[in-house]
Amino acid sequence: MGDIAKEKERLRQECALARARLKSREKDEKIAERFFASPFFAYRSFFVYRSVRTEADTAQIIAGLYAAGKTVCLPRVEGKFMRSVRALQGDKLEKGAFGIYQPQCGEEENCEVAIVPLLAADGQGNRLGYGGGYYDKYFSAHPHVLRVGICYAGQVIPAIPAEMTDMRLHYLLTERGMFSFE
């Protein structure tokens, strides 16, 4: 394991503990409120993660997208790859990789905006994920997708070591505001 990989693993452990202390319903509501007031809410199609554990909650965002008549796609992990699959409101989901609920089947659908989970982000748009590389591979194959990370303000750290395969965020949205990296 190289130096960057070791540093990322150390950061993952540290940031997961920090995120657990930051989790709150009030912050989740403020993030959703900011999302609906953001310029990217004007887009028509969204690839959104379903939050688990201490991640910034996306349930309100997903419900609001459906209510506004937007196209909602969810991640479906198949082996080492992730696809963006349309999910209609009320669709039955199945437990997939890492215990995350996903569409049972469906074709890949290109969306305009992706709402991305993270353990931490920095001021340059670097994102610290869970280490599987699913989102980086997806964005490498779909560079046109607007990448929006959502997290708690306390998850923003000074620097995240980046590798050539890491795909930076275009925007970061927290309960305290929105940051652009474009």
# chains A, B, ... in the order shown; residues from 1 in each chain; ligands from 1

call {"tool": "closest_atom_pairs", "arguments": {"of": "segment 9-52 of chain A", "to": "segment 158-170 of chain A", "cutoff": "12 Å", "atoms": "only C-alpha atoms", "output": "JSON lines"}}
result
{"residue": "A:Glu9", "atom": "CA", "partner": "A:Pro161", "partner_atom": "CA", "distance": 10.7}
{"residue": "A:Arg10", "atom": "CA", "partner": "A:Ile160", "partner_atom": "CA", "distance": 11.1}
{"residue": "A:Leu11", "atom": "CA", "partner": "A:Ile160", "partner_atom": "CA", "distance": 8.3}
{"residue": "A:Arg12", "atom": "CA", "partner": "A:Ile160", "partner_atom": "CA", "distance": 10.4}
{"residue": "A:Cys15", "atom": "CA", "partner": "A:Ile160", "partner_atom": "CA", "distance": 11.2}
{"residue": "A:Phe40", "atom": "CA", "partner": "A:His170", "partner_atom": "CA", "distance": 11.1}

call {"tool": "residues_around", "arguments": {"residues": "Ala42 of chain A", "least_positions_apart": "5", "cutoff": "12 Å", "atoms": "only C-alpha atoms", "output": "PyMOL selection string"}}
result
chain A and resi 35-37+65+68-71+112-113

call {"tool": "write_last_selection", "arguments": {"atoms": "C-alpha atoms", "output": "mmCIF file, in the first residue's frame"}}
result
data_model
loop_
_atom_site.group_PDB
_atom_site.id
_atom_site.type_symbol
_atom_site.label_atom_id
_atom_site.label_comp_id
_atom_site.auth_asym_id
_atom_site.auth_seq_id
_atom_site.Cartn_x
_atom_site.Cartn_y
_atom_site.Cartn_z
ATOM 1 C CA PHE A 35 -30.383 21.897 -2.137
ATOM 2 C CA PHE A 36 -33.895 22.949 -3.211
ATOM 3 C CA ALA A 37 -32.769 26.602 -3.342
ATOM 4 C CA LEU A 65 -37.237 15.450 -6.417
ATOM 5 C CA ALA A 68 -41.147 18.134 -8.407
ATOM 6 C CA GLY A 69 -41.496 15.542 -11.188
ATOM 7 C CA LYS A 70 -37.746 15.030 -11.601
ATOM 8 C CA THR A 71 -36.118 11.818 -12.817
ATOM 9 C CA GLU A 112 -27.455 15.553 -15.377
ATOM 10 C CA VAL A 113 -26.584 15.834 -11.658
#

call {"tool": "select_by_dssp", "arguments": {"residues": "segment 7-109 of chain A", "states": "strand (DSSP E)", "output": "PyMOL selection string"}}
result
chain A and resi 45-48+71-78+81-86+93-95+101-103

call {"tool": "closest_residue", "arguments": {"among": "A:Leu74, A:Ala121, A:Leu93, A:Leu128", "to": "Glu107 of chain A", "atoms": "only C-alpha atoms"}}
result
A:Leu74

call {"tool": "closest_residue", "arguments": {"among": "A:Lys23, A:Gln60, A:Tyr134, A:Gly129", "to": "Glu78 of chain A", "atoms": "only C-alpha atoms"}}
result
A:Tyr134

call {"tool": "residues_around", "arguments": {"residues": "Val48 of chain A", "least_positions_apart": "6", "cutoff": "9 Å", "atoms": "only C-alpha atoms", "output": "MDAnalysis selection string"}}
result
chainID A and resid 58 61:62 72:75 84 113:117

call {"tool": "atom_distance", "arguments": {"atom1": "atom CA of Lys95 of chain A", "atom2": "atom CA of Ala5 of chain A"}}
result
28.8 Å

call {"tool": "atom_distance", "arguments": {"atom1": "atom CA of Gln102 of chain A", "atom2": "atom CA of Gln89 of chain A"}}
result
12.7 Å
